[in-house]
Amino acid sequence: MRLVAVLIAVLGWFVSPGLAGTVTVAPGQGALVAAIVAATEGSEIVLLPGRHDGPVTIDKPLTLTGQTGAMIDAGGTGSVVLVDAPDVTIRGLHLTGSGRVHEPIDAGVKLTSKARGARVLNNVLTGNLVGVDIHGARDALVQGNRIEGLRLARMNDRGNGIYVWNAPGAEVIDNEIRYGRDGIFSNVSQRNVYRGNLFRDLRFAVHYMYTNDSVIEGNISIGNHLGFALMYSDRIVARDNISINDRDHGVMLNYTKQSDIFANLVTGGTEKCTFIYNSHKNLIAENSFVGCEIGVHFTAGSERNTITGNAFVGNRTQVKYVGTTDVEWSHEGRGNFWSDHPAFDLDGDARADSAYRPNDLMDHILWSQPAAKLLLGTPAVQLVRWSQSQFPAARTGGVVDSHPLTVGPRRAIPETIEQMARAVPLWAKGRTDDDTDPLISH
């Protein structure tokens, strides 16, 4: 019977040469490479359970599918699967054992500039320097994958979960990424969508460098050094993202312009919910900044930003800003909610009847002269603060919200995410070798 089946298959091959079909490959030395060489354009190669030898290169449009338990292992050399052709799909595989060379980049899946329209779907990627490297591949889709990066002693020696370089139109959706360096590192690209991803125990969840006209939406960052770092990028929409227990910042804008930071939640004791550094003409609206050491650190000449409709709740310092002129944080009669603003709303319009100033002269002194904190409880400090509250002429410049809200936006955290957030993040377990400065480390 087996002989008959083989004869039928061979007869079919000769009768219909060049037509796409399905090829099933069992584990065996060189079997996968041979199947790719023999495959026709548009065919599907299905890998049976077991370990298949890598690395492999796909240089024609086809689909590479794994049955449950199918693994490709590169044995520590190169990229496990290198895609160098358009319209290739890789799905349902366990990909492991890439090399550890940073240049060129070794990865679980490497998409070259020829891999336009590639699809990397529902794979498990472990033990690779970089999970997926979208290196110039336009309109690629990376969706539903689980990526676990390396856990080397030095974080900068690890690779990123997904690296996007000069890949317009690439989409990264519904992936789970843990360990390694950055979850998504997006560099010199445009028109990208990063949606619905979960990031844990990384340096940055999403790291933007020179990436314009893109969307970061519905992602969750738990226990990373920094949640969402938008750097040197313009016209970004970052909305509905959640940062929980991230160490340094939840959201950072560094030389970011004309972007919408909308309806995000930062909570869990982060040092700074938001850090805005030399960023201009941005809309920061409907966000919730809860329980941080500093709600917003606003510095380095950031100008013409619209800040409205946000909730600043239970932050030790709501705003850190030093300036000589007033900066208005309301828009068209709508300001922000401040949990420490003891105001009345006699006309019932959901606007407080008095303006809110988060900082006074003593705050400015304490930030510029940290040694002055020793005087915090002295009568002299209390006298300065009382005088400034009673005599407006004594006020220095700073943030003022002329129309503070009495009710702010609230966002619920899914129960499954709350359970994950209860785990102690790696950065809180006493490690010091992974310390980084987010303004200079890329």
# chains A, B, ... in the order shown; residues from 1 in each chain; ligands from 1
>>> residues_around(residues="Leu230 of chain A", least_positions_apart="5", cutoff="6 Å", atoms="only C-alpha atoms", output="short mmCIF file (atom, residue, chain, number, x, y, z; two decimals) with N, CA and C atoms, in the first residue's frame")
data_model
loop_
_atom_site.label_atom_id
_atom_site.label_comp_id
_atom_site.auth_asym_id
_atom_site.auth_seq_id
_atom_site.Cartn_x
_atom_site.Cartn_y
_atom_site.Cartn_z
N TYR A 208 10.78 53.59 20.54
CA TYR A 208 10.69 54.26 19.25
C TYR A 208 11.90 55.15 19.03
N MET A 252 7.37 57.98 28.09
CA MET A 252 8.40 59.01 27.94
C MET A 252 8.34 59.61 26.54
N LEU A 253 8.31 60.93 26.48
CA LEU A 253 8.41 61.65 25.22
C LEU A 253 9.75 62.38 25.21
#
>>> residues_around(residues="segment 113-122 of chain A", least_positions_apart="3", cutoff="8 Å", atoms="only C-alpha atoms", output="JSON, numbers by chain")
{"A": [83, 84, 85, 86, 87, 88, 89, 90, 91, 92, 93, 135, 136, 137, 138, 139, 140, 141, 142, 143, 144, 145, 146]}
>>> write_last_selection(atoms="C-alpha atoms", output="PDB file, in the first residue's frame")
ATOM      1  CA  VAL A  83      13.004  34.912   4.521  1.00  0.00           C
ATOM      2  CA  ASP A  84      14.340  36.435   1.309  1.00  0.00           C
ATOM      3  CA  ALA A  85      11.224  36.385  -0.892  1.00  0.00           C
ATOM      4  CA  PRO A  86       7.801  38.050  -0.921  1.00  0.00           C
ATOM      5  CA  ASP A  87       4.514  36.552   0.309  1.00  0.00           C
ATOM      6  CA  VAL A  88       5.983  33.979   2.696  1.00  0.00           C
ATOM      7  CA  THR A  89       4.042  32.710   5.722  1.00  0.00           C
ATOM      8  CA  ILE A  90       5.640  31.033   8.748  1.00  0.00           C
ATOM      9  CA  ARG A  91       3.197  29.680  11.309  1.00  0.00           C
ATOM     10  CA  GLY A  92       2.729  27.239  14.134  1.00  0.00           C
ATOM     11  CA  LEU A  93       6.416  26.454  14.697  1.00  0.00           C
ATOM     12  CA  HIS A 135      14.696  44.309   8.381  1.00  0.00           C
ATOM     13  CA  GLY A 136      13.334  46.394   5.533  1.00  0.00           C
ATOM     14  CA  ALA A 137      10.358  44.132   4.822  1.00  0.00           C
ATOM     15  CA  ARG A 138       7.378  46.268   3.822  1.00  0.00           C
ATOM     16  CA  ASP A 139       3.834  45.393   4.919  1.00  0.00           C
ATOM     17  CA  ALA A 140       4.915  42.490   7.126  1.00  0.00           C
ATOM     18  CA  LEU A 141       2.601  41.064   9.795  1.00  0.00           C
ATOM     19  CA  VAL A 142       3.913  39.528  13.043  1.00  0.00           C
ATOM     20  CA  GLN A 143       0.936  38.284  15.034  1.00  0.00           C
ATOM     21  CA  GLY A 144       0.094  35.908  17.857  1.00  0.00           C
ATOM     22  CA  ASN A 145       3.644  34.812  18.642  1.00  0.00           C
ATOM     23  CA  ARG A 146       5.162  34.052  22.050  1.00  0.00           C
TER      24      ARG A 146
END
>>> select_by_dssp(residues="segment 106-195 of chain A", states="strand (DSSP E)", output="JSON, numbers by chain")
{"A": [107, 108, 109, 110, 111, 119, 120, 121, 124, 125, 126, 130, 131, 132, 133, 134, 135, 141, 142, 143, 146, 147, 148, 162, 163, 164, 165, 171, 172, 173, 176, 177, 178, 184, 185, 186, 187, 188, 189, 190, 193, 194, 195]}
>>> atom_distance(atom1="atom CA of Gly78 of chain A", atom2="atom CA of Gly54 of chain A")
8.9 Å
>>> closest_residue(among="A:Thr416, A:Ser243, A:Ser43, A:Ser79", to="Leu64 of chain A", atoms="only C-alpha atoms")
A:Ser43
>>> residues_around(residues="Met209 of chain A", least_positions_apart="4", cutoff="7 Å", atoms="only C-alpha atoms", output="ChimeraX atom specification")
/A:186-188,230-233
>>> atom_distance(atom1="atom CA of Ile184 of chain A", atom2="atom CA of Phe199 of chain A")
9.0 Å
>>> residues_around(residues="segment 66-76 of chain A", least_positions_apart="2", cutoff="6 Å", atoms="only C-alpha atoms", output="list in words")
Val46, Leu47, Leu48, Pro49, Gly50, Arg51, His52, Asp53, Gly54, Pro55, Val80, Gly92, Leu93, His94, Leu95, Thr96, Gly97, Ser98 and Gly99 of chain A
>>> write_last_selection(atoms="C-alpha atoms", output="PDB file, in the first residue's frame")
ATOM      1  CA  VAL A  46       4.109  21.081   6.658  1.00  0.00           C
ATOM      2  CA  LEU A  47       6.590  19.945   9.302  1.00  0.00           C
ATOM      3  CA  LEU A  48       5.736  16.869  11.332  1.00  0.00           C
ATOM      4  CA  PRO A  49       6.414  16.888  15.105  1.00  0.00           C
ATOM      5  CA  GLY A  50      10.052  16.672  16.104  1.00  0.00           C
ATOM      6  CA  ARG A  51      13.324  18.566  15.683  1.00  0.00           C
ATOM      7  CA  HIS A  52      14.130  19.825  12.185  1.00  0.00           C
ATOM      8  CA  ASP A  53      17.576  21.115  11.264  1.00  0.00           C
ATOM      9  CA  GLY A  54      18.165  24.808  10.714  1.00  0.00           C
ATOM     10  CA  PRO A  55      19.171  27.349   9.752  1.00  0.00           C
ATOM     11  CA  VAL A  80      16.725  30.015  12.322  1.00  0.00           C
ATOM     12  CA  GLY A  92       2.729  27.239  14.134  1.00  0.00           C
ATOM     13  CA  LEU A  93       6.416  26.454  14.697  1.00  0.00           C
ATOM     14  CA  HIS A  94       8.815  26.423  17.622  1.00  0.00           C
ATOM     15  CA  LEU A  95      11.906  28.294  16.437  1.00  0.00           C
ATOM     16  CA  THR A  96      15.048  28.183  18.563  1.00  0.00           C
ATOM     17  CA  GLY A  97      18.835  28.245  18.602  1.00  0.00           C
ATOM     18  CA  SER A  98      19.829  31.273  16.561  1.00  0.00           C
ATOM     19  CA  GLY A  99      23.374  32.588  16.672  1.00  0.00           C
TER      20      GLY A  99
END
>>> atom_distance(atom1="atom CA of Thr270 of chain A", atom2="atom CA of Ala311 of chain A")
15.6 Å
